[in-house]
$ cat entry_0.pdb   # PDB, C-alpha atoms
ATOM      1  CA  MET A   1       3.202 -32.720 -19.992
ATOM      2  CA  GLU A   2       2.795 -32.760 -16.196
ATOM      3  CA  ARG A   3       0.125 -30.404 -14.901
ATOM      4  CA  PRO A   4       1.467 -27.691 -12.537
ATOM      5  CA  LYS A   5       0.730 -28.080  -8.857
ATOM      6  CA  LEU A   6      -2.349 -26.277  -7.577
ATOM      7  CA  LEU A   7      -0.530 -23.446  -5.791
ATOM      8  CA  ASP A   8       1.642 -22.901  -8.870
ATOM      9  CA  GLN A   9      -1.566 -22.622 -10.902
ATOM     10  CA  VAL A  10      -2.821 -19.964  -8.491
ATOM     11  CA  ARG A  11       0.414 -17.988  -8.987
ATOM     12  CA  GLU A  12       0.213 -18.314 -12.764
ATOM     13  CA  VAL A  13      -3.399 -17.105 -12.993
ATOM     14  CA  MET A  14      -2.710 -14.199 -10.630
ATOM     15  CA  ARG A  15       0.246 -13.077 -12.700
ATOM     16  CA  LEU A  16      -1.828 -13.224 -15.876
ATOM     17  CA  ARG A  17      -4.310 -10.915 -14.178
ATOM     18  CA  HIS A  18      -1.545  -8.566 -12.953
ATOM     19  CA  TYR A  19      -2.122  -8.990  -9.226
ATOM     20  CA  SER A  20       0.599  -7.523  -7.020
ATOM     21  CA  ILE A  21       3.179  -9.872  -5.587
ATOM     22  CA  ARG A  22       1.921  -9.143  -2.064
ATOM     23  CA  THR A  23      -1.610 -10.154  -2.998
ATOM     24  CA  GLU A  24      -0.202 -13.222  -4.709
ATOM     25  CA  GLU A  25       1.704 -14.240  -1.586
ATOM     26  CA  ALA A  26      -1.370 -13.672   0.613
ATOM     27  CA  TYR A  27      -3.727 -15.677  -1.632
ATOM     28  CA  VAL A  28      -1.291 -18.576  -2.026
ATOM     29  CA  ASN A  29      -0.679 -18.696   1.722
ATOM     30  CA  LEU A  30      -4.415 -18.695   2.507
ATOM     31  CA  ALA A  31      -5.137 -21.397  -0.083
ATOM     32  CA  LYS A  32      -2.410 -23.511   1.511
ATOM     33  CA  ARG A  33      -3.855 -22.947   5.001
ATOM     34  CA  PHE A  34      -7.317 -23.913   3.732
ATOM     35  CA  ILE A  35      -5.999 -27.196   2.328
ATOM     36  CA  LEU A  36      -4.003 -28.019   5.471
ATOM     37  CA  PHE A  37      -6.986 -27.168   7.708
ATOM     38  CA  HIS A  38      -8.967 -29.862   5.898
ATOM     39  CA  ASN A  39      -6.198 -32.465   6.177
ATOM     40  CA  LYS A  40      -4.748 -31.877   2.705
ATOM     41  CA  ARG A  41      -7.958 -32.617   0.811
ATOM     42  CA  HIS A  42      -8.035 -31.211  -2.708
ATOM     43  CA  PRO A  43     -10.312 -28.163  -3.063
ATOM     44  CA  ARG A  44     -12.209 -29.935  -5.863
ATOM     45  CA  GLU A  45     -13.410 -32.395  -3.230
ATOM     46  CA  MET A  46     -14.664 -29.555  -1.031
ATOM     47  CA  GLY A  47     -17.057 -26.673  -1.352
ATOM     48  CA  VAL A  48     -19.119 -24.101   0.494
ATOM     49  CA  ASP A  49     -19.351 -26.047   3.767
ATOM     50  CA  GLU A  50     -15.582 -26.412   4.028
ATOM     51  CA  ILE A  51     -15.035 -22.742   3.184
ATOM     52  CA  ARG A  52     -17.570 -21.742   5.849
ATOM     53  CA  GLN A  53     -15.809 -23.936   8.424
ATOM     54  CA  PHE A  54     -12.407 -22.463   7.590
ATOM     55  CA  LEU A  55     -13.593 -18.848   7.749
ATOM     56  CA  SER A  56     -15.371 -19.447  11.052
ATOM     57  CA  HIS A  57     -12.206 -21.089  12.396
ATOM     58  CA  LEU A  58     -10.188 -17.986  11.493
ATOM     59  CA  ALA A  59     -12.645 -15.766  13.385
ATOM     60  CA  ILE A  60     -13.212 -17.913  16.471
ATOM     61  CA  GLU A  61      -9.972 -19.807  17.070
ATOM     62  CA  GLY A  62      -7.572 -17.799  14.953
ATOM     63  CA  ASN A  63      -8.886 -14.502  16.372
ATOM     64  CA  VAL A  64      -8.026 -12.741  13.117
ATOM     65  CA  ALA A  65      -9.104  -9.224  12.182
ATOM     66  CA  ALA A  66     -12.209  -8.772  10.049
ATOM     67  CA  SER A  67     -10.044  -7.577   7.150
ATOM     68  CA  THR A  68      -7.979 -10.797   7.257
ATOM     69  CA  GLN A  69     -11.132 -12.893   7.169
ATOM     70  CA  ASN A  70     -12.380 -10.900   4.157
ATOM     71  CA  VAL A  71      -9.064 -11.451   2.352
ATOM     72  CA  ALA A  72      -9.336 -15.183   3.091
ATOM     73  CA  LEU A  73     -12.817 -15.285   1.540
ATOM     74  CA  ALA A  74     -11.596 -13.379  -1.528
ATOM     75  CA  ALA A  75      -8.629 -15.759  -1.875
ATOM     76  CA  LEU A  76     -10.831 -18.861  -1.772
ATOM     77  CA  LEU A  77     -13.379 -17.416  -4.183
ATOM     78  CA  PHE A  78     -10.504 -16.636  -6.555
ATOM     79  CA  LEU A  79      -9.189 -20.190  -6.171
ATOM     80  CA  TYR A  80     -12.511 -21.742  -7.104
ATOM     81  CA  LYS A  81     -13.722 -19.337  -9.758
ATOM     82  CA  GLU A  82     -10.519 -18.339 -11.565
ATOM     83  CA  VAL A  83      -8.271 -21.367 -11.064
ATOM     84  CA  LEU A  84     -10.580 -24.376 -10.674
ATOM     85  CA  LYS A  85     -13.370 -22.822 -12.800
ATOM     86  CA  ILE A  86     -16.004 -23.783 -10.236
ATOM     87  CA  GLU A  87     -18.886 -21.408  -9.560
ATOM     88  CA  LEU A  88     -19.888 -21.454  -5.888
ATOM     89  CA  PRO A  89     -23.287 -20.497  -4.463
ATOM     90  CA  LEU A  90     -23.623 -17.720  -1.897
ATOM     91  CA  ILE A  91     -21.593 -18.445   1.232
ATOM     92  CA  ASP A  92     -23.693 -17.558   4.264
ATOM     93  CA  GLY A  93     -23.718 -18.609   7.891
ATOM     94  CA  VAL A  94     -20.062 -17.651   8.411
ATOM     95  CA  GLU A  95     -19.060 -16.581  11.918
ATOM     96  CA  ARG A  96     -17.773 -13.108  11.162
ATOM     97  CA  ALA A  97     -14.824 -11.466  12.850
ATOM     98  CA  LYS A  98     -15.900  -8.183  14.400
ATOM     99  CA  LYS A  99     -14.686  -5.115  12.550
ATOM    100  CA  PRO A 100     -13.891  -2.398  15.079
ATOM    101  CA  VAL A 101     -14.913   1.161  14.309
ATOM    102  CA  ARG A 102     -11.857   3.291  14.984
ATOM    103  CA  VAL A 103     -11.119   6.984  14.679
ATOM    104  CA  PRO A 104      -7.679   7.424  13.073
ATOM    105  CA  THR A 105      -4.789   8.843  15.078
ATOM    106  CA  VAL A 106      -3.845  12.328  13.898
ATOM    107  CA  LEU A 107      -0.877  14.517  14.773
ATOM    108  CA  THR A 108      -1.112  18.280  15.123
ATOM    109  CA  VAL A 109       0.856  20.457  12.710
ATOM    110  CA  GLU A 110       3.406  21.125  15.465
ATOM    111  CA  GLU A 111       3.765  17.407  16.217
ATOM    112  CA  VAL A 112       4.320  16.594  12.528
ATOM    113  CA  LYS A 113       7.040  19.251  12.316
ATOM    114  CA  SER A 114       8.647  17.887  15.475
ATOM    115  CA  VAL A 115       8.784  14.361  14.052
ATOM    116  CA  LEU A 116      10.037  15.412  10.607
ATOM    117  CA  ASN A 117      12.757  17.586  12.161
ATOM    118  CA  LEU A 118      14.126  14.470  13.861
ATOM    119  CA  MET A 119      14.400  12.591  10.557
ATOM    120  CA  SER A 120      17.032  13.038   7.887
ATOM    121  CA  GLY A 121      18.074  11.984   4.407
ATOM    122  CA  VAL A 122      15.868   9.785   2.259
ATOM    123  CA  HIS A 123      13.562   8.860   5.137
ATOM    124  CA  HIS A 124      12.876  12.531   5.803
ATOM    125  CA  SER A 125      11.908  13.034   2.144
ATOM    126  CA  MET A 126       9.683   9.945   2.155
ATOM    127  CA  ALA A 127       7.911  10.871   5.387
ATOM    128  CA  SER A 128       7.461  14.430   4.118
ATOM    129  CA  LEU A 129       5.686  13.061   1.028
ATOM    130  CA  LEU A 130       3.377  10.897   3.139
ATOM    131  CA  TYR A 131       2.307  14.017   5.008
ATOM    132  CA  GLY A 132       2.674  16.651   2.294
ATOM    133  CA  ALA A 133       1.010  14.675  -0.519
ATOM    134  CA  GLY A 134      -1.162  12.205   1.400
ATOM    135  CA  LEU A 135       0.588   9.148  -0.024
ATOM    136  CA  ARG A 136       0.264   5.634   1.320
ATOM    137  CA  VAL A 137       3.607   4.117   2.245
ATOM    138  CA  MET A 138       3.646   1.675  -0.708
ATOM    139  CA  GLU A 139       2.632   4.455  -3.099
ATOM    140  CA  CYS A 140       5.645   6.385  -1.883
ATOM    141  CA  VAL A 141       8.236   3.619  -2.247
ATOM    142  CA  ARG A 142       6.854   2.627  -5.673
ATOM    143  CA  LEU A 143       6.945   6.178  -7.028
ATOM    144  CA  ARG A 144       8.670   6.459 -10.430
ATOM    145  CA  VAL A 145      10.706   9.393 -11.736
ATOM    146  CA  LYS A 146       8.237  10.045 -14.575
ATOM    147  CA  ASP A 147       5.385  10.543 -12.099
ATOM    148  CA  VAL A 148       6.954  13.508 -10.308
ATOM    149  CA  ASP A 149       6.025  16.685 -12.189
ATOM    150  CA  PHE A 150       8.070  19.617 -10.893
ATOM    151  CA  GLY A 151       6.580  22.040 -13.422
ATOM    152  CA  TYR A 152       2.967  21.537 -12.373
ATOM    153  CA  LYS A 153       3.911  20.672  -8.776
ATOM    154  CA  GLN A 154       2.006  17.433  -8.800
ATOM    155  CA  ILE A 155       2.541  13.723  -8.285
ATOM    156  CA  THR A 156       0.739  11.019 -10.246
ATOM    157  CA  VAL A 157       0.045   7.902  -8.217
ATOM    158  CA  ARG A 158      -0.118   4.855 -10.480
ATOM    159  CA  ASP A 159      -2.043   1.707  -9.543
ATOM    160  CA  GLY A 160      -3.026   2.943  -6.125
ATOM    161  CA  LYS A 161      -5.465   1.065  -3.933
ATOM    162  CA  GLY A 162      -8.115  -0.490  -6.169
ATOM    163  CA  GLU A 163      -5.743  -0.174  -9.179
ATOM    164  CA  LYS A 164      -6.698   3.478  -9.590
ATOM    165  CA  ASP A 165      -4.508   6.339 -10.786
ATOM    166  CA  ARG A 166      -4.824   9.768  -9.207
ATOM    167  CA  ARG A 167      -2.991  13.077  -8.947
ATOM    168  CA  THR A 168      -1.987  14.803  -5.764
ATOM    169  CA  VAL A 169       0.104  17.812  -4.780
ATOM    170  CA  LEU A 170       3.887  18.059  -4.799
ATOM    171  CA  PRO A 171       4.750  20.330  -1.846
ATOM    172  CA  GLN A 172       6.837  23.363  -2.809
ATOM    173  CA  PRO A 173       9.242  22.993   0.184
ATOM    174  CA  LEU A 174      10.248  19.514  -1.074
ATOM    175  CA  ILE A 175      11.023  20.437  -4.672
ATOM    176  CA  GLU A 176      14.656  21.487  -4.250
ATOM    177  CA  SER A 177      15.607  18.573  -1.996
ATOM    178  CA  LEU A 178      13.861  16.104  -4.334
ATOM    179  CA  ARG A 179      15.738  17.525  -7.324
ATOM    180  CA  LEU A 180      19.053  17.029  -5.523
ATOM    181  CA  HIS A 181      18.009  13.534  -4.433
ATOM    182  CA  LEU A 182      17.090  12.540  -8.000
ATOM    183  CA  ALA A 183      20.423  13.861  -9.281
ATOM    184  CA  ARG A 184      22.182  11.426  -6.922
ATOM    185  CA  VAL A 185      19.826   8.597  -7.897
ATOM    186  CA  ARG A 186      20.562   9.236 -11.575
ATOM    187  CA  LEU A 187      24.297   8.899 -11.011
ATOM    188  CA  GLN A 188      23.663   5.611  -9.227
ATOM    189  CA  HIS A 189      21.450   4.443 -12.094
ATOM    190  CA  GLU A 190      24.125   5.266 -14.654
ATOM    191  CA  GLU A 191      26.623   3.207 -12.654
ATOM    192  CA  ASP A 192      24.123   0.336 -12.510
ATOM    193  CA  LEU A 193      23.787   0.496 -16.296
ATOM    194  CA  ARG A 194      27.551   0.222 -16.685
ATOM    195  CA  ASN A 195      27.472  -2.820 -14.400
ATOM    196  CA  GLY A 196      24.640  -4.444 -16.337
ATOM    197  CA  VAL A 197      22.075  -4.227 -13.522
ATOM    198  CA  GLY A 198      20.231  -1.035 -14.496
ATOM    199  CA  ALA A 199      16.916  -2.613 -15.512
ATOM    200  CA  VAL A 200      13.954  -2.013 -13.222
ATOM    201  CA  TYR A 201      10.756  -4.031 -12.783
ATOM    202  CA  LEU A 202       7.937  -2.946 -15.127
ATOM    203  CA  PRO A 203       4.259  -3.724 -14.537
ATOM    204  CA  TYR A 204       1.859  -5.396 -16.969
ATOM    205  CA  ALA A 205       4.607  -6.944 -19.120
ATOM    206  CA  LEU A 206       5.580  -3.503 -20.429
ATOM    207  CA  ASN A 207       9.145  -4.761 -20.818
ATOM    208  CA  ARG A 208       7.936  -6.866 -23.776
ATOM    209  CA  LYS A 209       6.042  -3.994 -25.369
ATOM    210  CA  TYR A 210       8.805  -1.444 -24.711
ATOM    211  CA  PRO A 211      12.097  -3.384 -24.531
ATOM    212  CA  ASN A 212      14.200  -0.340 -23.588
ATOM    213  CA  ALA A 213      11.849   1.079 -20.955
ATOM    214  CA  ALA A 214      13.280  -0.993 -18.082
ATOM    215  CA  THR A 215      16.616   0.811 -18.335
ATOM    216  CA  ALA A 216      15.185   4.266 -19.152
ATOM    217  CA  TRP A 217      15.695   6.933 -16.496
ATOM    218  CA  GLU A 218      12.044   7.983 -16.305
ATOM    219  CA  TRP A 219      10.967   4.471 -15.248
ATOM    220  CA  GLN A 220      13.388   4.231 -12.324
ATOM    221  CA  TYR A 221      12.173   4.413  -8.734
ATOM    222  CA  VAL A 222      12.443   7.763  -6.966
ATOM    223  CA  PHE A 223      13.497   5.878  -3.824
ATOM    224  CA  PRO A 224      15.590   2.901  -4.975
ATOM    225  CA  ALA A 225      16.915   0.173  -2.715
ATOM    226  CA  ASN A 226      20.440   0.351  -1.358
ATOM    227  CA  ARG A 227      21.275  -3.100  -2.709
ATOM    228  CA  ILE A 228      20.921  -5.032  -5.943
ATOM    229  CA  SER A 229      18.432  -7.898  -5.716
ATOM    230  CA  ARG A 230      16.756 -10.567  -7.833
ATOM    231  CA  ASP A 231      13.126 -10.154  -8.888
ATOM    232  CA  PRO A 232      11.176 -13.202  -7.607
ATOM    233  CA  ARG A 233       9.006 -13.334 -10.717
ATOM    234  CA  SER A 234      11.283 -12.558 -13.651
ATOM    235  CA  GLU A 235      14.470 -13.599 -11.771
ATOM    236  CA  ARG A 236      16.145 -10.573 -13.333
ATOM    237  CA  THR A 237      18.846  -8.901 -11.239
ATOM    238  CA  GLY A 238      18.383  -5.188 -10.672
ATOM    239  CA  ARG A 239      17.657  -2.441  -8.172
ATOM    240  CA  HIS A 240      14.172  -2.591  -6.679
ATOM    241  CA  HIS A 241      12.444   0.174  -4.719
ATOM    242  CA  ALA A 242      13.348   0.888  -1.099
ATOM    243  CA  ALA A 243      11.779  -1.344   1.520
ATOM    244  CA  GLU A 244       8.972   0.260   3.496
ATOM    245  CA  ASP A 245      10.160  -1.186   6.807
ATOM    246  CA  GLY A 246      13.203   1.115   6.780
ATOM    247  CA  LEU A 247      10.903   4.154   6.708
ATOM    248  CA  GLN A 248       8.666   2.652   9.386
ATOM    249  CA  THR A 249      11.648   2.097  11.691
ATOM    250  CA  ALA A 250      13.003   5.622  11.117
ATOM    251  CA  LEU A 251       9.581   7.147  11.823
ATOM    252  CA  LYS A 252       9.164   5.103  14.993
ATOM    253  CA  LYS A 253      12.531   6.330  16.291
ATOM    254  CA  ALA A 254      11.642   9.958  15.513
ATOM    255  CA  VAL A 255       8.276   9.665  17.290
ATOM    256  CA  CYS A 256       9.973   8.126  20.325
ATOM    257  CA  ALA A 257      12.603  10.879  20.392
ATOM    258  CA  SER A 258       9.933  13.574  20.125
ATOM    259  CA  ARG A 259       8.134  12.092  23.181
ATOM    260  CA  ILE A 260       4.772  12.138  21.429
ATOM    261  CA  GLU A 261       2.474   9.833  23.366
ATOM    262  CA  LYS A 262       0.358   8.667  20.458
ATOM    263  CA  ARG A 263       0.408   5.433  18.513
ATOM    264  CA  VAL A 264       1.944   6.700  15.286
ATOM    265  CA  SER A 265       2.530   4.799  12.050
ATOM    266  CA  CYS A 266       3.338   5.894   8.501
ATOM    267  CA  HIS A 267      -0.404   6.003   7.783
ATOM    268  CA  THR A 268      -0.813   8.548  10.591
ATOM    269  CA  LEU A 269       0.940  11.084   8.357
ATOM    270  CA  ARG A 270      -1.665  10.497   5.640
ATOM    271  CA  HIS A 271      -4.452  10.886   8.211
ATOM    272  CA  SER A 272      -2.851  14.141   9.340
ATOM    273  CA  PHE A 273      -2.650  15.384   5.733
ATOM    274  CA  ALA A 274      -6.419  14.965   5.306
ATOM    275  CA  THR A 275      -7.341  16.418   8.683
ATOM    276  CA  HIS A 276      -5.150  19.494   8.300
ATOM    277  CA  LEU A 277      -6.611  20.203   4.848
ATOM    278  CA  LEU A 278     -10.096  20.051   6.367
ATOM    279  CA  GLU A 279      -8.988  22.429   9.119
ATOM    280  CA  ALA A 280      -7.774  24.778   6.373
ATOM    281  CA  ASN A 281     -11.346  24.696   4.951
ATOM    282  CA  TYR A 282     -10.594  22.757   1.767
ATOM    283  CA  ASP A 283     -13.603  21.087   0.163
ATOM    284  CA  ILE A 284     -14.083  17.463   1.235
ATOM    285  CA  ARG A 285     -14.581  16.327  -2.366
ATOM    286  CA  THR A 286     -11.181  17.759  -3.262
ATOM    287  CA  ILE A 287      -9.618  15.929  -0.330
ATOM    288  CA  GLN A 288     -11.394  12.731  -1.399
ATOM    289  CA  GLU A 289      -9.776  12.989  -4.849
ATOM    290  CA  LEU A 290      -6.324  13.703  -3.412
ATOM    291  CA  LEU A 291      -6.591  10.668  -1.120
ATOM    292  CA  GLY A 292      -8.026   8.413  -3.822
ATOM    293  CA  HIS A 293     -11.055   7.368  -1.762
ATOM    294  CA  LYS A 294     -13.778   5.644  -3.782
ATOM    295  CA  ASN A 295     -16.523   6.819  -1.417
ATOM    296  CA  VAL A 296     -16.746  10.230   0.233
ATOM    297  CA  GLN A 297     -18.000   8.486   3.388
ATOM    298  CA  THR A 298     -14.458   7.182   3.883
ATOM    299  CA  THR A 299     -13.147  10.746   3.789
ATOM    300  CA  MET A 300     -15.878  11.946   6.156
ATOM    301  CA  ILE A 301     -14.185  10.169   9.090
ATOM    302  CA  TYR A 302     -11.784  13.106   9.301
ATOM    303  CA  THR A 303     -14.635  15.460  10.161
ATOM    304  CA  HIS A 304     -15.080  13.434  13.347
ATOM    305  CA  VAL A 305     -11.370  13.613  14.106
ATOM    306  CA  MET A 306     -11.539  17.416  14.167
ATOM    307  CA  ASN A 307     -14.870  17.421  16.044
ATOM    308  CA  ARG A 308     -16.889  18.861  13.168
ATOM    309  CA  GLY A 309     -19.190  15.863  13.252
ATOM    310  CA  GLY A 310     -22.242  16.743  15.329
ATOM    311  CA  GLY A 311     -21.718  20.460  14.856
ATOM    312  CA  GLY A 312     -18.385  20.705  16.658
ATOM    313  CA  VAL A 313     -19.703  20.146  20.172
ATOM    314  CA  ARG A 314     -18.100  22.151  23.009
ATOM    315  CA  SER A 315     -17.476  20.545  26.364
ATOM    316  CA  PRO A 316     -19.531  21.855  29.316
ATOM    317  CA  LEU A 317     -16.200  22.813  30.926
ATOM    318  CA  GLU A 318     -15.683  25.355  28.114
ATOM    319  CA  MET A 319     -19.028  27.062  28.702
TER     320      MET A 319
END
$ encode --input "entry_0.pdb" --output "structure tokens"
Amino acid sequence: MERPKLLDQVREVMRLRHYSIRTEEAYVNLAKRFILFHNKRHPREMGVDEIRQFLSHLAIEGNVAASTQNVALAALLFLYKEVLKIELPLIDGVERAKKPVRVPTVLTVEEVKSVLNLMSGVHHSMASLLYGAGLRVMECVRLRVKDVDFGYKQITVRDGKGEKDRRTVLPQPLIESLRLHLARVRLQHEEDLRNGVGAVYLPYALNRKYPNAATAWEWQYVFPANRISRDPRSERTGRHHAAEDGLQTALKKAVCASRIEKRVSCHTLRHSFATHLLEANYDIRTIQELLGHKNVQTTMIYTHVMNRGGGGVRSPLEM
């Protein structure tokens, strides 16, 4: 039997280890770039020196961000250790891309209200959850019906960053509109079932363990896509979750219309969620748990945003 090509092996191992499809695409692309950079030599013929050269090239000539360089290193370590079964020594002497220290952009409460008032429909609900529950954009679009608890007014985020689950708040003002939205989504799901396309993607091969779960209502996405599509892994036809770029475009238009002169993205709403909770004197450990931060130091950045770092210094002009 013919051995699969190297990049196909990378995909296979990543799927066995339940990596997300985005991580899979990134790792495969970086492995391909590594091979092409070294004139299509097989990775078995290369090692630490070639990895060091490639990473330095990304930083110096490619001018990539520090995070991209770190992903490239992780991708190549995965290639050697998990796919080729080659243990590499410590990789030092790499020209590192500089990681800028940035304070996140935050909107005031009034600015958030202004932006949300200029949004409507599904995008309004999604943006409201980013701000009201502190969700990341992918956590929002991947939200399942079963993870919205109206009774306890909470949302369970599954497989968040770092493959961690957490619970966060479900804002009271969103409950009625979300109920109405889910009623419409359920009607759409029932129509999809009649048309034979009502099965949704399930993580960790749960469709084999629970054969009927893929078509069950509780497993459907809260924000499904407008169109039927084919899953690139299973090749099953169904309705995936909404694309995040639609929300990003709608938010950008609302920010432009509100004439807010700040660089605003979907993540800005999450930053604003954390900052406004701090301003309301909530404990930083509680905010850390709601955001799903591994280290409280990550959450502490919001104290600097609201000028509590350094004792909340007043300008000489205010004295």
$ closest_atom_pairs --input "entry_0.pdb" --of "region 247-282 of chain A" --to "region 288-308 of chain A" --cutoff "12 Å" --atoms "only C-alpha atoms" --output "JSON lines"
{"residue": "A:His267", "atom": "CA", "partner": "A:Leu291", "partner_atom": "CA", "distance": 11.8}
{"residue": "A:Thr268", "atom": "CA", "partner": "A:Tyr302", "partner_atom": "CA", "distance": 11.9}
{"residue": "A:Arg270", "atom": "CA", "partner": "A:Leu291", "partner_atom": "CA", "distance": 8.4}
{"residue": "A:His271", "atom": "CA", "partner": "A:Tyr302", "partner_atom": "CA", "distance": 7.7}
{"residue": "A:Ser272", "atom": "CA", "partner": "A:Tyr302", "partner_atom": "CA", "distance": 9.0}
{"residue": "A:Phe273", "atom": "CA", "partner": "A:Leu291", "partner_atom": "CA", "distance": 9.2}
{"residue": "A:Ala274", "atom": "CA", "partner": "A:Tyr302", "partner_atom": "CA", "distance": 6.9}
{"residue": "A:Thr275", "atom": "CA", "partner": "A:Tyr302", "partner_atom": "CA", "distance": 5.6}
{"residue": "A:His276", "atom": "CA", "partner": "A:Met306", "partner_atom": "CA", "distance": 8.9}
{"residue": "A:Leu277", "atom": "CA", "partner": "A:Tyr302", "partner_atom": "CA", "distance": 9.8}
{"residue": "A:Leu278", "atom": "CA", "partner": "A:Thr303", "partner_atom": "CA", "distance": 7.5}
{"residue": "A:Glu279", "atom": "CA", "partner": "A:Met306", "partner_atom": "CA", "distance": 7.6}
{"residue": "A:Ala280", "atom": "CA", "partner": "A:Met306", "partner_atom": "CA", "distance": 11.4}
{"residue": "A:Asn281", "atom": "CA", "partner": "A:Thr303", "partner_atom": "CA", "distance": 11.1}
{"residue": "A:Tyr282", "atom": "CA", "partner": "A:Gln288", "partner_atom": "CA", "distance": 10.5}
$ resolve_selection --input "entry_0.pdb" --expression "the PyMOL selection byres ((chain A and resi 151) around 12)" --output "ChimeraX atom specification"
/A:147-150,152-155,169-172,175,179
$ resolve_selection --input "entry_0.pdb" --expression "the PyMOL selection byres ((chain A and resi 53-66) around 10)" --output "number ranges by chain"
A: 33-35, 37-38, 48-52, 67-73, 76, 93-100
$ write_last_selection --input "entry_0.pdb" --atoms "C-alpha atoms" --output "PDB file, in the frame of the given file"
ATOM      1  CA  ARG A  33      -3.855 -22.947   5.001  1.00  0.00           C
ATOM      2  CA  PHE A  34      -7.317 -23.913   3.732  1.00  0.00           C
ATOM      3  CA  ILE A  35      -5.999 -27.196   2.328  1.00  0.00           C
ATOM      4  CA  PHE A  37      -6.986 -27.168   7.708  1.00  0.00           C
ATOM      5  CA  HIS A  38      -8.967 -29.862   5.898  1.00  0.00           C
ATOM      6  CA  VAL A  48     -19.119 -24.101   0.494  1.00  0.00           C
ATOM      7  CA  ASP A  49     -19.351 -26.047   3.767  1.00  0.00           C
ATOM      8  CA  GLU A  50     -15.582 -26.412   4.028  1.00  0.00           C
ATOM      9  CA  ILE A  51     -15.035 -22.742   3.184  1.00  0.00           C
ATOM     10  CA  ARG A  52     -17.570 -21.742   5.849  1.00  0.00           C
ATOM     11  CA  SER A  67     -10.044  -7.577   7.150  1.00  0.00           C
ATOM     12  CA  THR A  68      -7.979 -10.797   7.257  1.00  0.00           C
ATOM     13  CA  GLN A  69     -11.132 -12.893   7.169  1.00  0.00           C
ATOM     14  CA  ASN A  70     -12.380 -10.900   4.157  1.00  0.00           C
ATOM     15  CA  VAL A  71      -9.064 -11.451   2.352  1.00  0.00           C
ATOM     16  CA  ALA A  72      -9.336 -15.183   3.091  1.00  0.00           C
ATOM     17  CA  LEU A  73     -12.817 -15.285   1.540  1.00  0.00           C
ATOM     18  CA  LEU A  76     -10.831 -18.861  -1.772  1.00  0.00           C
ATOM     19  CA  GLY A  93     -23.718 -18.609   7.891  1.00  0.00           C
ATOM     20  CA  VAL A  94     -20.062 -17.651   8.411  1.00  0.00           C
ATOM     21  CA  GLU A  95     -19.060 -16.581  11.918  1.00  0.00           C
ATOM     22  CA  ARG A  96     -17.773 -13.108  11.162  1.00  0.00           C
ATOM     23  CA  ALA A  97     -14.824 -11.466  12.850  1.00  0.00           C
ATOM     24  CA  LYS A  98     -15.900  -8.183  14.400  1.00  0.00           C
ATOM     25  CA  LYS A  99     -14.686  -5.115  12.550  1.00  0.00           C
ATOM     26  CA  PRO A 100     -13.891  -2.398  15.079  1.00  0.00           C
TER      27      PRO A 100
END
$ atom_distance --input "entry_0.pdb" --atom1 "CA of Ala250 (chain A)" --atom2 "CA of Lys164 (chain A)"
28.7 Å
$ atom_distance --input "entry_0.pdb" --atom1 "CA of Leu107 (chain A)" --atom2 "CA of Cys256 (chain A)"
13.8 Å
$ closest_residue --input "entry_0.pdb" --among "A:Ile86, A:Ala133, A:Val10, A:Val112" --to "Glu45 (chain A)" --atoms "all atoms listed in the file"
A:Ile86
$ residues_around --input "entry_0.pdb" --residues "Arg44 (chain A)" --least-positions-apart "2" --cutoff "12 Å" --atoms "all atoms listed in the file" --output "list in words"
Leu6, Ile35, Lys40, Arg41, His42, Met46, Gly47, Val48, Glu50, Ile51, Leu76, Leu79, Tyr80, Lys81, Val83, Leu84, Lys85, Ile86, Glu87 and Leu88 of chain A
$ closest_residue --input "entry_0.pdb" --among "A:Lys161, A:Gly121, A:Gly238, A:Tyr221" --to "Thr23 (chain A)" --atoms "all atoms listed in the file"
A:Lys161
$ resolve_selection --input "entry_0.pdb" --expression "the PyMOL selection byres ((chain A and resi 248) around 12)" --output "PyMOL selection string"
chain A and resi 119+123-124+126-127+130+137-138+141+242-247+249-255+264-269
$ atom_distance --input "entry_0.pdb" --atom1 "CA of Arg236 (chain A)" --atom2 "CA of Glu139 (chain A)"
22.7 Å
$ closest_residue --input "entry_0.pdb" --among "A:Arg158, A:Lys113, A:Arg22, A:Arg239" --to "Arg144 (chain A)" --atoms "only C-alpha atoms"
A:Arg158
